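Source file: target_12.csv (CSV, C-alpha atoms and all ligand atoms)
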```csv
chain,number,residue,atom,x,y,z
A,1,MET,CA,104.1,112.0,102.2
A,2,ARG,CA,101.9,113.5,104.9
A,3,LYS,CA,100.9,111.2,107.7
A,4,PRO,CA,97.1,111.1,108.2
A,5,ILE,CA,95.8,112.5,111.4
A,6,ILE,CA,92.4,111.6,112.7
A,7,ALA,CA,91.0,113.6,115.7
A,8,GLY,CA,87.9,113.1,117.7
A,9,ASN,CA,86.2,116.3,118.9
A,10,TRP,CA,84.0,115.1,121.7
A,11,LYS,CA,82.5,118.7,122.1
A,12,MET,CA,80.4,119.0,125.3
A,13,ASN,CA,79.9,115.3,125.8
A,14,LYS,CA,81.0,112.7,128.4
A,15,THR,CA,81.4,113.1,132.1
A,16,PRO,CA,84.8,112.1,133.5
A,17,ALA,CA,83.6,108.6,134.3
A,18,GLU,CA,82.1,108.2,130.8
A,19,ALA,CA,85.2,109.6,129.2
A,20,ARG,CA,87.4,107.1,131.0
A,21,ALA,CA,85.2,104.3,129.8
A,22,LEU,CA,85.3,105.5,126.2
A,23,ALA,CA,89.0,106.0,126.2
A,24,GLN,CA,89.5,102.6,127.7
A,25,ALA,CA,87.3,101.0,125.0
A,26,LEU,CA,89.2,102.8,122.3
A,27,VAL,CA,92.7,101.8,123.3
A,28,PRO,CA,92.6,98.1,122.1
A,29,LEU,CA,90.7,99.1,118.9
A,30,LEU,CA,93.3,101.6,117.9
A,31,LYS,CA,96.5,99.7,118.7
A,32,ASN,CA,97.3,99.1,115.1
A,33,ALA,CA,96.4,102.6,113.9
A,34,GLN,CA,98.4,103.8,110.9
A,35,ALA,CA,97.3,107.4,111.4
A,36,ASP,CA,98.1,109.9,114.2
A,37,VAL,CA,95.2,109.8,116.6
A,38,VAL,CA,94.1,112.6,118.9
A,39,LEU,CA,91.2,112.8,121.4
A,40,CYS,CA,90.0,116.4,122.0
A,41,VAL,CA,88.0,116.1,125.2
A,42,PRO,CA,86.3,118.5,127.7
A,43,ALA,CA,88.8,119.9,130.2
A,44,VAL,CA,87.3,118.1,133.1
A,45,ASP,CA,87.8,114.8,131.3
A,46,MET,CA,91.5,115.3,130.6
A,47,ALA,CA,92.9,113.6,133.7
A,48,ALA,CA,90.8,110.5,133.2
A,49,VAL,CA,91.6,110.2,129.5
A,50,ARG,CA,95.3,111.0,129.9
A,51,GLU,CA,95.5,108.1,132.4
A,52,ALA,CA,93.6,105.7,130.0
A,53,LEU,CA,95.9,106.7,127.1
A,54,ARG,CA,99.2,106.4,129.0
A,55,GLY,CA,101.8,104.5,126.9
A,56,THR,CA,99.5,104.1,123.8
A,57,GLY,CA,100.7,106.8,121.5
A,58,ILE,CA,97.2,108.3,121.2
A,59,ALA,CA,97.4,112.0,121.9
A,60,LEU,CA,95.3,114.2,124.1
A,61,GLY,CA,93.8,117.5,122.9
A,62,ALA,CA,91.7,120.4,124.1
A,63,GLN,CA,88.8,122.1,122.3
A,64,ASN,CA,89.7,125.8,123.0
A,65,MET,CA,92.2,127.9,124.8
A,66,HIS,CA,92.8,131.6,125.7
A,67,TRP,CA,95.7,133.5,124.2
A,68,GLN,CA,96.9,135.1,127.5
A,69,ALA,CA,99.4,133.2,129.7
A,70,SER,CA,97.3,133.9,132.9
A,71,GLY,CA,95.1,136.5,134.5
A,72,ALA,CA,91.6,137.6,135.2
A,73,TYR,CA,89.8,135.6,132.5
A,74,THR,CA,87.1,133.7,134.3
A,75,GLY,CA,86.4,130.3,132.9
A,76,GLU,CA,89.3,130.3,130.5
A,77,LEU,CA,92.3,127.9,130.1
A,78,SER,CA,95.9,128.8,129.1
A,79,ALA,CA,98.3,127.0,126.9
A,80,ALA,CA,100.5,126.1,129.9
A,81,MET,CA,97.5,124.6,131.7
A,82,LEU,CA,96.7,122.4,128.7
A,83,LEU,CA,100.3,121.3,128.3
A,84,ASP,CA,100.6,120.4,132.0
A,85,ALA,CA,97.3,118.5,131.8
A,86,GLY,CA,98.9,116.4,129.0
A,87,CYS,CA,97.6,118.0,125.9
A,88,ALA,CA,99.6,118.0,122.7
A,89,TYR,CA,96.9,119.5,120.5
A,90,VAL,CA,94.2,122.2,120.8
A,91,ILE,CA,91.3,122.8,118.4
A,92,LEU,CA,91.0,126.5,117.7
A,93,GLY,CA,88.4,128.5,115.8
A,94,HIS,CA,85.8,125.8,115.7
A,95,SER,CA,82.7,127.0,113.9
A,96,GLU,CA,80.6,126.4,117.1
A,97,ARG,CA,82.9,128.8,118.9
A,98,ARG,CA,82.7,131.4,116.1
A,99,GLN,CA,78.9,131.0,115.9
A,100,TYR,CA,77.9,130.8,119.6
A,101,PHE,CA,80.8,132.6,121.4
A,102,GLY,CA,81.6,135.4,118.9
A,103,GLU,CA,85.1,134.2,118.1
A,104,THR,CA,86.6,136.3,115.3
A,105,ASP,CA,89.4,135.5,112.9
A,106,GLU,CA,91.6,137.9,114.9
A,107,PHE,CA,90.9,136.0,118.2
A,108,VAL,CA,91.7,132.8,116.4
A,109,ASN,CA,95.0,134.2,115.2
A,110,ARG,CA,95.9,135.3,118.8
A,111,LYS,CA,95.2,131.8,120.0
A,112,VAL,CA,97.1,130.1,117.2
A,113,ARG,CA,100.2,132.2,117.9
A,114,ALA,CA,100.0,131.6,121.7
A,115,ALA,CA,99.5,127.8,121.2
A,116,VAL,CA,102.4,127.5,118.8
A,117,ALA,CA,104.7,129.6,121.0
A,118,ALA,CA,103.8,127.3,123.9
A,119,GLY,CA,104.5,124.1,121.9
A,120,LEU,CA,100.9,123.0,121.4
A,121,ILE,CA,99.8,121.9,117.9
A,122,PRO,CA,96.7,123.9,116.9
A,123,ILE,CA,94.0,122.3,114.8
A,124,ILE,CA,92.7,125.4,113.1
A,125,CYS,CA,89.1,125.1,111.9
A,126,VAL,CA,87.8,127.0,108.8
A,127,GLY,CA,84.7,126.6,106.7
A,128,GLU,CA,81.8,128.2,104.9
A,129,THR,CA,78.1,128.3,105.7
A,130,ARG,CA,75.5,127.0,103.3
A,131,VAL,CA,74.7,130.5,102.1
A,132,GLN,CA,78.3,131.4,101.6
A,133,ARG,CA,78.8,128.3,99.4
A,134,GLU,CA,75.6,129.0,97.4
A,135,GLU,CA,76.8,132.6,96.9
A,136,GLY,CA,80.1,131.4,95.6
A,137,TYR,CA,82.3,132.7,98.5
A,138,THR,CA,83.8,129.4,99.7
A,139,ASP,CA,87.2,129.7,98.2
A,140,THR,CA,87.8,133.3,99.1
A,141,LEU,CA,86.5,132.8,102.6
A,142,VAL,CA,88.5,129.7,103.5
A,143,ALA,CA,91.7,131.2,102.1
A,144,TYR,CA,91.0,134.4,104.2
A,145,GLN,CA,90.2,132.4,107.4
A,146,THR,CA,93.3,130.3,107.0
A,147,LEU,CA,95.8,133.0,106.2
A,148,THR,CA,94.4,135.3,109.0
A,149,ALA,CA,94.7,132.5,111.5
A,150,LEU,CA,98.3,131.8,110.5
A,151,THR,CA,99.4,135.5,110.5
A,152,GLY,CA,102.6,135.9,112.4
A,153,LEU,CA,103.8,132.3,112.1
A,154,SER,CA,107.0,131.4,110.2
A,155,ALA,CA,106.9,129.0,107.3
A,156,VAL,CA,108.4,126.3,109.5
A,157,GLN,CA,105.8,126.9,112.1
A,158,VAL,CA,103.0,126.7,109.5
A,159,ALA,CA,104.4,123.4,108.3
A,160,GLY,CA,103.7,121.9,111.8
A,161,VAL,CA,100.1,123.0,112.4
A,162,VAL,CA,96.9,121.2,111.4
A,163,VAL,CA,94.0,122.9,109.5
A,164,ALA,CA,90.5,121.4,109.6
A,165,TYR,CA,88.2,122.3,106.7
A,166,GLU,CA,84.7,121.9,108.2
A,167,PRO,CA,81.9,123.2,106.0
A,168,VAL,CA,79.4,124.6,108.6
A,169,TRP,CA,76.5,123.1,106.7
A,170,ALA,CA,78.0,119.6,107.1
A,171,ILE,CA,78.6,119.7,110.9
A,172,GLY,CA,76.2,117.5,112.8
A,173,THR,CA,73.7,117.5,109.9
A,174,GLY,CA,74.4,114.2,108.3
A,175,LEU,CA,75.1,116.2,105.1
A,176,VAL,CA,78.7,115.4,104.1
A,177,ALA,CA,80.6,117.3,101.4
A,178,THR,CA,81.3,115.1,98.4
A,179,ASP,CA,84.8,113.7,98.2
A,180,GLU,CA,85.4,116.0,95.3
A,181,GLN,CA,84.0,119.1,97.1
A,182,ALA,CA,86.1,118.5,100.1
A,183,ASN,CA,89.2,117.7,98.1
A,184,GLU,CA,88.8,120.8,95.9
A,185,THR,CA,88.3,123.2,98.8
A,186,ILE,CA,91.2,121.7,100.8
A,187,GLY,CA,93.3,122.2,97.6
A,188,VAL,CA,92.3,125.9,97.7
A,189,ILE,CA,93.5,126.2,101.3
A,190,ARG,CA,96.8,124.5,100.4
A,191,GLN,CA,97.3,126.9,97.4
A,192,ALA,CA,96.7,129.9,99.6
A,193,VAL,CA,99.3,128.6,102.1
A,194,ARG,CA,101.7,127.9,99.2
A,195,GLY,CA,101.3,131.4,97.9
A,196,LYS,CA,102.3,133.0,101.2
A,197,TYR,CA,104.6,130.4,102.9
A,198,GLY,CA,106.1,128.5,100.0
A,199,ASP,CA,106.2,124.9,98.8
A,200,ALA,CA,107.8,123.3,101.8
A,201,ALA,CA,105.1,124.6,104.2
A,202,ALA,CA,102.2,123.9,101.9
A,203,ASP,CA,103.4,120.3,101.1
A,204,ALA,CA,104.0,119.5,104.8
A,205,LEU,CA,100.8,121.1,106.2
A,206,ARG,CA,98.2,118.5,107.2
A,207,ILE,CA,94.6,119.5,106.3
A,208,GLN,CA,91.7,117.5,107.7
A,209,TYR,CA,88.1,117.3,106.5
A,210,GLY,CA,85.4,117.5,109.2
A,211,GLY,CA,81.6,117.4,108.9
A,212,SER,CA,79.5,114.2,109.3
A,213,MET,CA,82.5,112.0,108.6
A,214,ASN,CA,81.7,108.5,109.7
A,215,PRO,CA,82.7,104.8,109.0
A,216,ALA,CA,80.7,104.8,105.8
A,217,ASN,CA,82.3,107.8,104.1
A,218,ALA,CA,85.8,107.9,105.7
A,219,HIS,CA,87.4,105.7,103.1
A,220,GLY,CA,86.3,107.7,100.1
A,221,LEU,CA,87.3,111.0,101.7
A,222,MET,CA,90.7,109.7,102.7
A,223,GLN,CA,91.4,108.5,99.2
A,224,GLN,CA,91.4,112.1,98.0
A,225,PRO,CA,95.0,113.4,97.5
A,226,GLU,CA,94.5,116.7,99.4
A,227,ILE,CA,92.7,115.2,102.4
A,228,ASP,CA,95.1,114.3,105.2
A,229,GLY,CA,92.7,113.2,107.9
A,230,GLY,CA,89.5,113.9,109.7
A,231,LEU,CA,88.0,115.9,112.6
A,232,ILE,CA,85.2,113.7,113.8
A,233,GLY,CA,82.3,114.9,116.0
A,234,GLY,CA,79.4,112.6,116.5
A,235,ALA,CA,81.1,109.4,115.2
A,236,SER,CA,84.0,110.0,117.8
A,237,LEU,CA,81.6,109.3,120.7
A,238,LYS,CA,81.2,105.6,119.9
A,239,ALA,CA,84.4,103.5,120.2
A,240,GLU,CA,83.6,101.2,117.3
A,241,ASP,CA,82.7,104.0,114.9
A,242,PHE,CA,85.7,106.1,115.7
A,243,ALA,CA,88.0,103.1,115.4
A,244,LYS,CA,86.5,102.3,112.0
A,245,VAL,CA,87.2,105.9,110.8
A,246,VAL,CA,90.8,105.7,112.1
A,247,ASN,CA,91.3,102.4,110.5
A,248,PHE,CA,89.7,103.6,107.2
B,1,LIG,P1,80.2,116.0,113.2
B,1,LIG,O1,81.1,114.9,112.8
B,1,LIG,O2,79.3,115.6,114.3
B,1,LIG,O3,79.4,116.5,112.0
B,1,LIG,O4,81.0,117.2,113.8
B,1,LIG,C1,82.1,117.6,113.0
B,1,LIG,C2,82.8,118.6,113.8
B,1,LIG,O5,82.4,119.7,114.1
B,1,LIG,C3,84.2,118.2,114.3
B,1,LIG,O6,84.8,119.3,114.9
```

Give the structure from the file, written as structure tokens.
Ligand code: 13P
Amino acid sequence: MRKPIIAGNWKMNKTPAEARALAQALVPLLKNAQADVVLCVPAVDMAAVREALRGTGIALGAQNMHWQASGAYTGELSAAMLLDAGCAYVILGHSERRQYFGETDEFVNRKVRAAVAAGLIPIICVGETRVQREEGYTDTLVAYQTLTALTGLSAVQVAGVVVAYEPVWAIGTGLVATDEQANETIGVIRQAVRGKYGDAAADALRIQYGGSMNPANAHGLMQQPEIDGGLIGGASLKAEDFAKVVNF
């Protein structure tokens, strides 16, 4: 059995003071969590959130990373920096980074390999746009995005990463994939991984759903056999809502 993993993606929200308050509010609400819980916060919030989470078992994560170890890459952060700041996870290839910052599948793959080599667990985001779904490309696209992102990893390494299936049309829109749509597409991702990396990797790999997931729909989504967790945007910014999703 795969242990569920629920991650909050705070995106570009919360100053350090606000971040500390949110993390402190979450700690008591999550003390009986049955799932692995991760808070992926802005880099400037990491110190405050790390302090608030100390001793709780709730993990800290980042939202992006550069693939190089160091150098002249103004504004970027390396895997070593994230590890030293207390991160265990890093979101890579989020659709907002692909859409607004030109991240390609090849960039995502470089980042995934650098993260895994450094000992960070990547949360690799894949998903189709509305037009791609309407045109019938969803399965081909998510399989391609996933296998490209994982290129160069061993089957054992693949077993330890997290994939987040986030249909772009469901992010921040209030439109949520149906339980069946999400389950089916996550099944497609798992089959693609099975074909290339074998049963052990495919059966161990945790695949989240993301896109307007909230307290009202979390239970139904999490009942689906292929769905191993959630990557939560808007609903992760309110302590009560995020706790309800975690405690689905
Ligand atoms: P929302 O939950 O706000 O739709 O965002 C989902 C997401 O992009 C998480 O990474």

Cut-off 12 Å around (98.8, 118.1, 132.0) with all atoms listed in the file: residues as a PDB file with C-alpha atoms, keeping the file's coordinate frame:
```pdb
ATOM      1  CA  ALA A  43      88.800 119.900 130.200  1.00  0.00           C
ATOM      2  CA  VAL A  44      87.300 118.100 133.100  1.00  0.00           C
ATOM      3  CA  ASP A  45      87.800 114.800 131.300  1.00  0.00           C
ATOM      4  CA  MET A  46      91.500 115.300 130.600  1.00  0.00           C
ATOM      5  CA  ALA A  47      92.900 113.600 133.700  1.00  0.00           C
ATOM      6  CA  ALA A  48      90.800 110.500 133.200  1.00  0.00           C
ATOM      7  CA  VAL A  49      91.600 110.200 129.500  1.00  0.00           C
ATOM      8  CA  ARG A  50      95.300 111.000 129.900  1.00  0.00           C
ATOM      9  CA  GLU A  51      95.500 108.100 132.400  1.00  0.00           C
ATOM     10  CA  ALA A  59      97.400 112.000 121.900  1.00  0.00           C
ATOM     11  CA  LEU A  60      95.300 114.200 124.100  1.00  0.00           C
ATOM     12  CA  GLY A  61      93.800 117.500 122.900  1.00  0.00           C
ATOM     13  CA  ALA A  62      91.700 120.400 124.100  1.00  0.00           C
ATOM     14  CA  LEU A  77      92.300 127.900 130.100  1.00  0.00           C
ATOM     15  CA  SER A  78      95.900 128.800 129.100  1.00  0.00           C
ATOM     16  CA  ALA A  79      98.300 127.000 126.900  1.00  0.00           C
ATOM     17  CA  ALA A  80     100.500 126.100 129.900  1.00  0.00           C
ATOM     18  CA  MET A  81      97.500 124.600 131.700  1.00  0.00           C
ATOM     19  CA  LEU A  82      96.700 122.400 128.700  1.00  0.00           C
ATOM     20  CA  LEU A  83     100.300 121.300 128.300  1.00  0.00           C
ATOM     21  CA  ASP A  84     100.600 120.400 132.000  1.00  0.00           C
ATOM     22  CA  ALA A  85      97.300 118.500 131.800  1.00  0.00           C
ATOM     23  CA  GLY A  86      98.900 116.400 129.000  1.00  0.00           C
ATOM     24  CA  CYS A  87      97.600 118.000 125.900  1.00  0.00           C
ATOM     25  CA  ALA A  88      99.600 118.000 122.700  1.00  0.00           C
ATOM     26  CA  TYR A  89      96.900 119.500 120.500  1.00  0.00           C
ATOM     27  CA  LEU A 120     100.900 123.000 121.400  1.00  0.00           C
TER      28      LEU A 120
END
```

Using only C-alpha atoms, which protein or nucleic acid residues come within 8 Å of Val168 of chain A? Drop anything in the same chain fewer than 4 positions from it, and give the result as a VMD selection string.
chain A and resid 95 127 to 130 211

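If all atoms listed in the file are the atoms counted, then among A:Gly172, A:Gly229, A:Gly198, A:Gly8 the closest residue to ligand LIG 1 (chain B) is A:Gly172.
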
Residues within 9 Å of ligand LIG 1 (chain B), counting all atoms listed in the file: report them as a VMD selection string.
chain A and resid 7 to 11 63 91 94 to 96 125 164 166 to 176 209 to 214 230 to 236

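The two atoms in question, atom CA of Gly152 of chain A and atom CA of Gly136 of chain A, are spaced 28.4 Å apart.
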
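Interatomic distance, atom CA of Val193 of chain A to atom CA of Thr151 of chain A: 10.9 Å.
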
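Between atom CA of Lys111 of chain A and atom CA of Val37 of chain A the separation is 22.3 Å.
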
Which of these, A:Asp179, A:Gly220, A:Gln208, A:Thr146, has the shortest distance to Gln191 of chain A once you count all atoms listed in the file?
A:Thr146
